[in-house]
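What's in entry.txt: compact mmCIF, C-alpha atoms and all ligand atoms
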```txt
# COMPACT_ATOMS: atom_id res chain seq x y z
CA MET A 234 125.21 15.50 53.56
CA LEU A 235 123.59 18.83 54.48
CA PRO A 236 123.74 22.09 52.51
CA GLY A 237 125.96 24.82 53.97
CA PRO A 238 125.06 28.51 54.41
CA GLU A 239 126.21 29.42 50.88
CA GLU A 240 123.98 26.77 49.31
CA ILE A 241 121.01 27.91 51.39
CA ALA A 242 121.73 31.52 50.38
CA ALA A 243 121.88 30.54 46.69
CA ALA A 244 118.57 28.72 47.03
CA VAL A 245 116.94 31.72 48.72
CA HIS A 246 118.31 33.97 45.94
CA ALA A 247 116.71 31.73 43.29
CA LEU A 248 113.40 31.57 45.20
CA ARG A 249 113.29 35.37 45.48
CA LYS A 250 113.62 35.56 41.69
CA GLY A 251 110.58 33.27 41.40
CA GLU A 252 112.61 30.18 40.43
CA PRO A 253 111.75 26.74 41.86
CA VAL A 254 114.35 24.95 44.01
CA ALA A 255 114.26 21.31 45.15
CA PHE A 256 114.68 20.63 48.86
CA PRO A 257 114.77 17.49 51.03
CA THR A 258 112.11 16.65 53.58
CA GLU A 259 111.60 13.58 55.74
CA THR A 260 108.80 12.38 53.39
CA VAL A 261 109.99 13.02 49.80
CA TYR A 262 112.00 15.75 48.02
CA GLY A 263 109.87 18.86 47.43
CA LEU A 264 109.78 21.36 44.58
CA GLY A 265 109.94 24.63 46.51
CA ALA A 266 108.63 28.00 45.38
CA ASP A 267 107.41 31.19 47.03
CA ALA A 268 103.87 30.29 48.14
CA LEU A 269 102.79 33.95 48.12
CA SER A 270 103.88 34.54 44.51
CA GLU A 271 101.36 33.47 41.89
CA HIS A 272 104.08 33.63 39.25
CA ALA A 273 106.43 31.32 41.20
CA VAL A 274 103.61 28.87 41.96
CA ALA A 275 102.56 28.82 38.30
CA ARG A 276 106.12 27.74 37.39
CA VAL A 277 105.81 24.76 39.74
CA PHE A 278 102.56 23.60 38.11
CA GLN A 279 104.18 24.07 34.70
CA LEU A 280 107.44 22.26 35.58
CA LYS A 281 105.58 19.28 37.06
CA GLY A 282 102.85 19.21 34.43
CA ARG A 283 100.49 19.19 37.40
CA PRO A 284 96.73 19.55 36.78
CA ALA A 285 95.44 22.88 38.10
CA ASN A 286 92.78 21.07 40.19
CA ASN A 287 95.46 19.46 42.41
CA PRO A 288 96.19 21.80 45.34
CA LEU A 289 99.71 22.29 46.75
CA ILE A 290 100.82 21.89 50.35
CA VAL A 291 102.36 25.04 51.85
CA HIS A 292 105.45 24.50 54.00
CA VAL A 293 106.19 26.70 57.00
CA ALA A 294 109.04 27.02 59.52
CA ASP A 295 106.82 26.83 62.63
CA PRO A 296 103.21 26.98 63.91
CA GLU A 297 103.37 30.80 64.19
CA ALA A 298 103.96 31.04 60.44
CA ALA A 299 101.00 28.71 59.90
CA ARG A 300 98.74 30.89 62.02
CA ASP A 301 99.57 33.86 59.75
CA LEU A 302 98.35 31.94 56.70
CA SER A 303 94.92 30.99 58.05
CA THR A 304 91.82 32.98 58.95
CA ALA A 305 90.92 30.31 61.53
CA TRP A 306 93.97 28.63 63.07
CA ASP A 307 91.98 27.18 65.95
CA THR A 308 92.89 25.24 69.09
CA ARG A 309 92.62 21.95 67.17
CA ALA A 310 95.16 23.08 64.58
CA GLN A 311 97.44 24.42 67.28
CA ALA A 312 97.23 21.16 69.26
CA LEU A 313 98.08 19.06 66.19
CA ALA A 314 100.97 21.34 65.23
CA ARG A 315 102.34 21.22 68.77
CA ALA A 316 102.10 17.43 68.87
CA PHE A 317 103.35 16.52 65.38
CA TRP A 318 105.43 19.39 63.95
CA PRO A 319 108.00 19.38 62.63
CA GLY A 320 106.74 16.17 61.08
CA PRO A 321 104.82 14.34 58.32
CA LEU A 322 101.39 15.91 58.96
CA SER A 323 99.64 18.42 56.67
CA ILE A 324 96.76 20.31 58.31
CA ILE A 325 93.95 21.76 56.18
CA VAL A 326 92.53 25.03 57.55
CA PRO A 327 90.67 28.09 56.13
CA LYS A 328 93.13 30.04 53.99
CA SER A 329 94.21 33.63 54.33
CA GLY A 330 93.73 35.99 51.37
CA ARG A 331 97.55 36.24 51.13
CA ILE A 332 97.68 32.79 49.56
CA PRO A 333 97.01 32.87 45.80
CA SER A 334 94.00 30.73 44.88
CA LEU A 335 96.22 28.90 42.38
CA VAL A 336 97.95 27.24 45.39
CA THR A 337 94.70 25.72 46.68
CA ALA A 338 93.13 24.97 43.28
CA GLY A 339 90.47 27.57 44.09
CA LEU A 340 89.50 25.94 47.41
CA PRO A 341 88.84 28.15 50.45
CA HIS A 342 91.16 25.95 52.56
CA VAL A 343 94.92 25.45 52.53
CA ALA A 344 97.08 22.49 53.58
CA LEU A 345 99.97 23.56 55.86
CA ARG A 346 102.95 21.53 57.02
CA CYS A 347 106.23 22.03 58.88
CA PRO A 348 108.72 19.43 57.61
CA ALA A 349 111.14 17.58 59.92
CA HIS A 350 114.36 17.97 57.97
CA PRO A 351 117.18 20.32 58.99
CA ALA A 352 117.81 21.47 55.39
CA ALA A 353 114.10 22.21 54.79
CA LEU A 354 113.88 24.14 58.06
CA ALA A 355 117.09 26.05 57.27
CA LEU A 356 115.67 27.00 53.87
CA LEU A 357 112.29 28.10 55.29
CA THR A 358 113.99 30.11 58.03
CA ALA A 359 116.39 31.83 55.62
CA PHE A 360 113.63 32.53 53.07
CA ARG A 361 111.45 34.00 55.83
CA GLY A 362 108.25 32.99 54.09
CA PRO A 363 106.10 29.99 53.17
CA LEU A 364 107.05 27.66 50.32
CA VAL A 365 104.85 25.37 48.27
CA GLY A 366 106.50 21.94 48.12
CA PRO A 367 104.87 19.27 45.97
CA SER A 368 107.01 16.25 45.24
CA ALA A 369 109.89 17.17 42.89
CA ASN A 370 108.87 14.91 40.02
CA PRO A 371 106.67 15.10 36.91
CA SER A 372 103.01 14.80 37.92
CA GLY A 373 101.82 11.20 38.14
CA ALA A 374 105.30 9.64 38.21
CA VAL A 375 107.15 8.00 41.10
CA SER A 376 108.06 10.47 43.87
CA PRO A 377 111.76 11.26 44.55
CA THR A 378 113.40 10.13 47.79
CA THR A 379 116.99 11.09 46.85
CA SER A 380 118.55 14.12 45.15
CA ALA A 381 119.60 11.81 42.27
CA HIS A 382 115.93 10.99 41.63
CA VAL A 383 115.19 14.72 41.35
CA ARG A 384 118.17 15.29 39.04
CA GLN A 385 116.96 12.54 36.66
CA ALA A 386 113.75 14.46 36.02
CA PHE A 387 115.05 18.04 36.35
CA PRO A 388 118.77 18.07 35.41
CA THR A 389 119.21 21.86 35.58
CA LEU A 390 117.23 22.49 38.76
CA LEU A 391 119.00 23.78 41.87
CA ILE A 392 118.72 20.88 44.36
CA LEU A 393 119.63 21.04 48.04
CA GLU A 394 121.25 17.75 49.11
CA GLY A 395 119.74 16.17 52.19
CA GLY A 396 120.41 12.45 51.87
CA PRO A 397 117.70 9.80 51.40
CA CYS A 398 114.28 10.64 52.89
CA ALA A 399 113.74 8.81 56.18
CA ARG A 400 109.96 8.33 55.87
CA GLY A 401 109.76 7.82 52.11
CA ILE A 402 106.03 8.41 51.58
CA GLU A 403 104.04 11.64 51.57
CA SER A 404 102.57 13.26 54.69
CA THR A 405 99.29 12.35 56.35
CA VAL A 406 96.77 15.00 55.25
CA VAL A 407 94.11 15.85 57.86
CA SER A 408 91.27 18.23 57.12
CA LEU A 409 89.82 20.52 59.78
CA ALA A 410 87.50 22.02 57.15
CA HIS A 411 84.51 20.12 58.52
CA THR A 412 83.18 19.83 62.06
CA ARG A 413 84.55 16.29 62.23
CA PRO A 414 88.27 16.03 61.42
CA ARG A 415 89.06 13.70 58.55
CA VAL A 416 92.21 12.11 57.14
CA LEU A 417 92.23 12.70 53.35
CA ARG A 418 95.53 10.97 52.65
CA PRO A 419 96.96 8.24 54.89
CA GLY A 420 100.56 8.52 56.05
CA VAL A 421 102.81 7.40 58.87
CA ILE A 422 100.83 9.47 61.41
CA SER A 423 97.58 7.60 62.09
CA ALA A 424 94.01 8.82 62.66
CA ALA A 425 94.21 7.22 66.12
CA GLN A 426 97.25 9.37 66.98
CA LEU A 427 95.39 12.48 65.77
CA ALA A 428 92.26 11.51 67.70
CA ALA A 429 94.30 11.01 70.89
CA VAL A 430 95.58 14.59 70.64
CA LEU A 431 92.24 16.14 69.62
CA GLY A 432 90.09 14.17 72.04
CA VAL A 433 87.48 13.54 69.30
CA PRO A 434 87.10 10.81 66.67
CA VAL A 435 88.93 11.34 63.37
CA ASP A 436 87.46 9.83 60.20
CA SER A 437 90.00 8.10 58.03
CA PRO A 438 90.59 5.44 55.42
CA GLU A 439 91.81 3.29 58.32
CA ASN A 440 88.50 3.25 60.16
CA LEU A 441 86.32 3.62 57.08
CA SER A 442 88.15 0.77 55.29
CA ILE A 443 88.07 2.67 52.01
CA ALA A 444 91.77 3.12 51.29
CA ALA A 445 92.21 -0.41 50.08
CA SER A 446 89.42 -0.25 47.52
CA THR A 447 88.57 3.26 46.35
CA PRO A 448 90.40 6.51 45.72
CA LEU A 449 90.13 8.98 48.58
CA PRO A 450 87.56 11.80 48.31
CA SER A 451 90.10 14.61 48.01
CA PRO A 452 90.93 16.91 45.11
CA GLY A 453 93.94 15.79 43.19
CA LEU A 454 94.09 12.32 44.67
CA LEU A 455 94.06 10.78 41.23
CA PRO A 456 93.51 7.04 40.85
CA SER A 457 96.73 6.69 38.81
CA HIS A 458 99.72 8.25 40.57
CA TYR A 459 103.22 7.27 41.70
CA ALA A 460 103.24 5.18 38.52
CA PRO A 461 106.34 3.38 37.22
CA ALA A 462 106.89 3.37 33.43
CA ALA A 463 106.23 -0.38 33.23
CA GLN A 464 102.77 -1.84 33.65
CA THR A 465 102.34 -2.59 37.36
CA LEU A 466 100.13 -5.24 39.00
CA LEU A 467 99.37 -5.66 42.69
CA LEU A 468 98.83 -9.36 43.42
CA SER A 469 98.82 -12.00 46.15
CA ALA A 470 101.90 -14.21 46.39
CA PRO A 471 100.10 -17.25 44.88
CA ASP A 472 98.87 -15.13 41.96
CA ILE A 473 102.39 -13.87 41.31
CA LEU A 474 103.69 -17.45 41.17
CA SER A 475 100.78 -18.80 39.12
CA ASP A 476 101.84 -17.48 35.70
CA GLU A 477 105.37 -18.63 34.81
CA SER A 478 105.50 -17.03 31.38
CA ARG A 479 104.51 -13.65 32.83
CA LEU A 480 107.19 -14.08 35.50
CA ALA A 481 109.89 -14.60 32.89
CA ASN A 482 109.65 -10.95 31.79
CA ALA A 483 108.71 -9.48 35.14
CA VAL A 484 110.37 -7.82 38.09
CA VAL A 485 108.81 -8.93 41.38
CA LEU A 486 108.68 -6.74 44.49
CA HIS A 487 108.02 -9.03 47.43
CA HIS A 488 108.21 -8.66 51.21
CA SER A 489 107.66 -12.28 52.20
CA PRO A 490 109.83 -15.25 51.19
CA LEU A 491 108.71 -16.36 47.70
CA ALA A 492 109.89 -19.51 45.92
CA LEU A 493 110.45 -17.80 42.58
CA PRO A 494 111.49 -19.82 39.55
CA ARG A 495 115.03 -19.05 38.37
CA PRO A 496 114.28 -16.65 35.49
CA ALA A 497 112.34 -14.20 37.66
CA ARG A 498 114.07 -11.00 38.65
CA ALA A 499 113.12 -9.87 42.14
CA ILE A 500 113.58 -7.03 44.61
CA ARG A 501 113.22 -8.12 48.22
CA MET A 502 111.33 -5.49 50.21
CA PRO A 503 111.63 -5.01 53.98
CA ASP A 504 108.86 -6.76 55.94
CA ALA A 505 108.51 -3.93 58.51
CA ALA A 506 106.08 -1.22 57.37
CA PRO A 507 108.24 1.87 58.14
CA ASP A 508 111.20 0.34 56.28
CA TYR A 509 108.99 -0.76 53.39
CA ALA A 510 107.65 2.81 53.07
CA ALA A 511 111.15 4.30 53.15
CA ARG A 512 112.30 1.91 50.38
CA LEU A 513 109.14 1.94 48.22
CA TYR A 514 109.75 4.68 45.65
CA ALA A 515 113.44 3.81 45.11
CA ALA A 516 112.40 0.16 44.59
CA LEU A 517 109.81 1.15 41.96
CA ARG A 518 112.57 3.09 40.15
CA ASP A 519 115.00 0.16 40.46
CA ALA A 520 112.32 -2.11 39.00
CA ASP A 521 111.74 0.26 36.06
CA ALA A 522 115.48 0.46 35.40
CA LEU A 523 115.45 -3.28 34.59
CA HIS A 524 112.96 -2.59 31.75
CA PRO A 525 110.56 -5.44 32.54
CA HIS A 526 107.32 -6.09 30.66
CA VAL A 527 105.53 -5.89 33.95
CA ILE A 528 106.22 -5.11 37.63
CA LEU A 529 104.47 -7.57 39.97
CA ILE A 530 104.07 -6.32 43.53
CA GLU A 531 103.14 -8.62 46.39
CA ARG A 532 100.13 -6.99 48.01
CA PRO A 533 100.74 -6.25 51.71
CA GLU A 534 97.93 -7.03 54.14
CA PRO A 535 97.61 -4.20 56.71
CA ARG A 536 98.15 -5.86 60.10
CA GLY A 537 99.77 -5.44 63.51
CA PRO A 538 100.70 -2.23 65.30
CA ASP A 539 101.87 -0.62 62.02
CA ALA A 540 98.61 -1.38 60.17
CA HIS A 541 98.10 2.34 59.47
CA ILE A 542 101.51 2.56 57.77
CA TRP A 543 100.66 -0.51 55.67
CA ILE A 544 97.42 1.26 54.69
CA ALA A 545 99.42 4.32 53.63
CA VAL A 546 101.77 2.07 51.63
CA LEU A 547 98.82 0.23 50.08
CA ASP A 548 97.27 3.58 49.09
CA ARG A 549 100.44 4.36 47.08
CA LEU A 550 100.66 0.83 45.63
CA LEU A 551 97.01 0.92 44.47
CA ARG A 552 97.69 4.17 42.64
CA ALA A 553 100.97 2.85 41.18
CA ALA A 554 99.01 -0.11 39.82
CA ALA A 555 95.86 1.81 38.78
CA PRO A 556 94.81 1.85 35.11
CA ARG A 557 96.47 4.79 33.32
CA PRO A 558 94.28 7.55 31.88
P1 LIG B 1 101.44 16.36 46.89
O1 LIG B 1 101.82 17.75 46.58
O2 LIG B 1 101.69 15.41 45.76
O3 LIG B 1 101.98 15.88 48.21
O4 LIG B 1 99.85 16.37 47.03
C1 LIG B 1 99.21 17.19 47.95
C2 LIG B 1 97.86 16.60 48.22
O5 LIG B 1 97.34 17.17 49.40
C3 LIG B 1 96.85 16.94 47.13
O6 LIG B 1 96.86 15.99 46.10
C4 LIG B 1 95.52 16.91 47.91
O7 LIG B 1 95.03 15.60 47.93
C5 LIG B 1 95.93 17.32 49.29
N1 LIG B 1 95.62 18.74 49.51
C6 LIG B 1 96.46 19.78 49.44
N2 LIG B 1 95.82 20.94 49.67
C7 LIG B 1 94.53 20.62 49.89
C8 LIG B 1 93.34 21.38 50.17
N3 LIG B 1 93.37 22.71 50.27
N4 LIG B 1 92.19 20.71 50.33
C9 LIG B 1 92.15 19.37 50.22
N5 LIG B 1 93.22 18.59 49.95
C10 LIG B 1 94.40 19.20 49.78
MG MG B 2 103.37 14.22 44.48
```

Can you turn what I pasted into structure tokens?
Amino acid sequence: MLPGPEEIAAAVHALRKGEPVAFPTETVYGLGADALSEHAVARVFQLKGRPANNPLIVHVADPEAARDLSTAWDTRAQALARAFWPGPLSIIVPKSGRIPSLVTAGLPHVALRCPAHPAALALLTAFRGPLVGPSANPSGAVSPTTSAHVRQAFPTLLILEGGPCARGIESTVVSLAHTRPRVLRPGVISAAQLAAVLGVPVDSPENLSIAASTPLPSPGLLPSHYAPAAQTLLLSAPDILSDESRLANAVVLHHSPLALPRPARAIRMPDAAPDYAARLYAALRDADALHPHVILIERPEPRGPDAHIWIAVLDRLLRAAAPRP
């Protein structure tokens, strides 16, 4: 399942020429390019059709590489990196002048992350430099969690095979740009876990209760994102069952037992939050592949010890179901 030395070498060769390469991470597949080359980064924006106001996360092999890319890699950043890297946490810190402003959408801060996937780490180590790595899909569409998903969108792209992504949703993004640390995008690492390491409170959608209702105050966190081709509605179980004619042409994603009438097509989702997150994007693609009039998703209620993961899932579901521009 993992790329060998020749495949890594071929990927590094392409990256050195300024060509994007897809690589697996534990969250989703990334579209890699030399983070220090404006030309290579511009190709990523172009390939994805990504708005220039949506900054990219820069991937590094270890905390030392992160320190080199920031003018203020402080003790907080170091503590978070030591506790959670390699892992699904992106840390926003003041950026070094080496990073083209295109990467950060003109912002003075950069998001840095060290991914927990052997193929991603092998690529970063062999490349000996930082790589931007937004999800390897057209901007606004469902993120890829297998190499086949990447190939559907970018058939000629060099893709490193790494198996299905274990986490399945994008990293937690924490900003150290302000005096009080703040989670800008919820993920499987919670604000409480960050606060325990930092020894100070961390603001987040979890403790501000904003994730479930409003888009997060971060550049590029667009209301409509992760969107299937079919119209998508996020509803309670009773609301899903209430309209039989709508159900007849729907695909239902549900995580609790639902007494669906016979004509309804359904995808049963795991009822544990980590498993739901890992399955989410593939399920949205499976639903689309059935060409329904509408995708009806049972709305999860964040609860229990994994409430923060449910909040991260709900953040993605709200964007998948948001009105399209
Ligand atoms: P994606 O590449 O789809 O995982 O998206 C990366 C997200 O991280 C962006 O949409 C922003 O919300 C956030 N992000 C990345 N860099 C920065 C930054 N410098 N400042 C604030 N947010 C950032
Ligand atoms: Mg993305």

Practice task
Please write out the residues within 10 Å of ligand LIG 1 (chain B) as a count of residues only, counting only C-alpha atoms and all ligand atoms.
Solution key: 59

Problem - Point-to-point distance from CA of Ile392 (chain A) to CA of Ala314 (chain A), Å rounded to tenths - result: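 Between CA of Ile392 (chain A) and CA of Ala314 (chain A) the gap works out to 27.4 Å.
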
Problem - Spatial neighbours of Arg249 (chain A), 12 Å, only C-alpha atoms, chain gap at least 6 places, as a ChimeraX atom specification - result: /A:242-243,265-270,272-273,359-364

Save out the residues we just selected, C-alpha atoms, as a PDB file, in the frame of the given file.
```pdb
ATOM      1  CA  ALA A 242     121.730  31.520  50.380  1.00  0.00           C
ATOM      2  CA  ALA A 243     121.880  30.540  46.690  1.00  0.00           C
ATOM      3  CA  GLY A 265     109.940  24.630  46.510  1.00  0.00           C
ATOM      4  CA  ALA A 266     108.630  28.000  45.380  1.00  0.00           C
ATOM      5  CA  ASP A 267     107.410  31.190  47.030  1.00  0.00           C
ATOM      6  CA  ALA A 268     103.870  30.290  48.140  1.00  0.00           C
ATOM      7  CA  LEU A 269     102.790  33.950  48.120  1.00  0.00           C
ATOM      8  CA  SER A 270     103.880  34.540  44.510  1.00  0.00           C
ATOM      9  CA  HIS A 272     104.080  33.630  39.250  1.00  0.00           C
ATOM     10  CA  ALA A 273     106.430  31.320  41.200  1.00  0.00           C
ATOM     11  CA  ALA A 359     116.390  31.830  55.620  1.00  0.00           C
ATOM     12  CA  PHE A 360     113.630  32.530  53.070  1.00  0.00           C
ATOM     13  CA  ARG A 361     111.450  34.000  55.830  1.00  0.00           C
ATOM     14  CA  GLY A 362     108.250  32.990  54.090  1.00  0.00           C
ATOM     15  CA  PRO A 363     106.100  29.990  53.170  1.00  0.00           C
ATOM     16  CA  LEU A 364     107.050  27.660  50.320  1.00  0.00           C
TER      17      LEU A 364
END
```

Handout entry: Pick from A:Gly432, A:Thr389, A:Val375, A:Arg532 nearest to ligand MG 2 (chain B), counting all atoms listed in the file
Key =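 Distance minimum relative to ligand MG 2 (chain B) lands on A:Val375.
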
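Atom pair CA of Ala516 (chain A) / CA of Trp543 (chain A) has a distance of 16.2 Å (rounded to one decimal).
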
Exercise for the section: Would you kindly identify which residues have an atom no farther than 12 Å from (112.0, 2.9, 48.2), using all atoms listed in the file and the file's own coordinates, and write them out as a ChimeraX atom specification? Expected result: /A:260-261,375-379,382,397-402,459,486,500-503,506-520,546,549-550

For the residues selected in the previous step, produce a file with C-alpha atoms as a PDB file, in the frame of the given file.
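The result, stored in selection04.pdb:
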```
ATOM      1  CA  THR A 260     108.800  12.380  53.390  1.00  0.00           C
ATOM      2  CA  VAL A 261     109.990  13.020  49.800  1.00  0.00           C
ATOM      3  CA  VAL A 375     107.150   8.000  41.100  1.00  0.00           C
ATOM      4  CA  SER A 376     108.060  10.470  43.870  1.00  0.00           C
ATOM      5  CA  PRO A 377     111.760  11.260  44.550  1.00  0.00           C
ATOM      6  CA  THR A 378     113.400  10.130  47.790  1.00  0.00           C
ATOM      7  CA  THR A 379     116.990  11.090  46.850  1.00  0.00           C
ATOM      8  CA  HIS A 382     115.930  10.990  41.630  1.00  0.00           C
ATOM      9  CA  PRO A 397     117.700   9.800  51.400  1.00  0.00           C
ATOM     10  CA  CYS A 398     114.280  10.640  52.890  1.00  0.00           C
ATOM     11  CA  ALA A 399     113.740   8.810  56.180  1.00  0.00           C
ATOM     12  CA  ARG A 400     109.960   8.330  55.870  1.00  0.00           C
ATOM     13  CA  GLY A 401     109.760   7.820  52.110  1.00  0.00           C
ATOM     14  CA  ILE A 402     106.030   8.410  51.580  1.00  0.00           C
ATOM     15  CA  TYR A 459     103.220   7.270  41.700  1.00  0.00           C
ATOM     16  CA  LEU A 486     108.680  -6.740  44.490  1.00  0.00           C
ATOM     17  CA  ILE A 500     113.580  -7.030  44.610  1.00  0.00           C
ATOM     18  CA  ARG A 501     113.220  -8.120  48.220  1.00  0.00           C
ATOM     19  CA  MET A 502     111.330  -5.490  50.210  1.00  0.00           C
ATOM     20  CA  PRO A 503     111.630  -5.010  53.980  1.00  0.00           C
ATOM     21  CA  ALA A 506     106.080  -1.220  57.370  1.00  0.00           C
ATOM     22  CA  PRO A 507     108.240   1.870  58.140  1.00  0.00           C
ATOM     23  CA  ASP A 508     111.200   0.340  56.280  1.00  0.00           C
ATOM     24  CA  TYR A 509     108.990  -0.760  53.390  1.00  0.00           C
ATOM     25  CA  ALA A 510     107.650   2.810  53.070  1.00  0.00           C
ATOM     26  CA  ALA A 511     111.150   4.300  53.150  1.00  0.00           C
ATOM     27  CA  ARG A 512     112.300   1.910  50.380  1.00  0.00           C
ATOM     28  CA  LEU A 513     109.140   1.940  48.220  1.00  0.00           C
ATOM     29  CA  TYR A 514     109.750   4.680  45.650  1.00  0.00           C
ATOM     30  CA  ALA A 515     113.440   3.810  45.110  1.00  0.00           C
ATOM     31  CA  ALA A 516     112.400   0.160  44.590  1.00  0.00           C
ATOM     32  CA  LEU A 517     109.810   1.150  41.960  1.00  0.00           C
ATOM     33  CA  ARG A 518     112.570   3.090  40.150  1.00  0.00           C
ATOM     34  CA  ASP A 519     115.000   0.160  40.460  1.00  0.00           C
ATOM     35  CA  ALA A 520     112.320  -2.110  39.000  1.00  0.00           C
ATOM     36  CA  VAL A 546     101.770   2.070  51.630  1.00  0.00           C
ATOM     37  CA  ARG A 549     100.440   4.360  47.080  1.00  0.00           C
ATOM     38  CA  LEU A 550     100.660   0.830  45.630  1.00  0.00           C
TER      39      LEU A 550
END
```

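The closest residue to ligand MG 2 (chain B), picked from A:Leu302, A:Ala460, A:Ala310, A:Ala275 and counting all atoms listed in the file, is A:Ala460.
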
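The coordinates place CA of Leu322 (chain A) at 17.2 Å from CA of Arg413 (chain A).
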
Handout entry: Close residues, Pro556 (chain A) itself excluded, 9 Å, all atoms listed in the file, min 4 positions apart in chain, as a list of chain:residue names
Key =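 Once the adjacent positions are removed, what remains is A:Pro456, A:Ser457, A:Gln464, A:Arg552.
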
Handout entry: Residue among A:Lys281, A:Asp476, A:His411, A:Ala462 lying closest to ligand MG 2 (chain B), counting all atoms listed in the file
Key = A:Lys281

Exercise for the section: Can you work out which one of A:Leu467, A:Val245, A:Val383, A:Ala555 has the shortest atom-to-atom distance to Tyr262 (chain A), counting all atoms listed in the file? Expected result: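 Looking only at the distances to Tyr262 (chain A), the closest residue turns out to be A:Val383.
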
Exercise for the section: Go through A:Thr304, A:His488, A:Leu529, A:Asp504 one by one, measure the shortest atom-to-atom distance of each to Ser475 (chain A) using only C-alpha atoms, and give the residue with the smallest value. Expected result: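 Comparing A:Thr304, A:His488, A:Leu529, A:Asp504 against Ser475 (chain A), the winner is A:Leu529.
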
Practice task
Could you check which of A:Val277, A:Leu431, A:Met234, A:Leu547 is closest to ligand MG 2 (chain B), using all atoms listed in the file?
Solution key: A:Val277
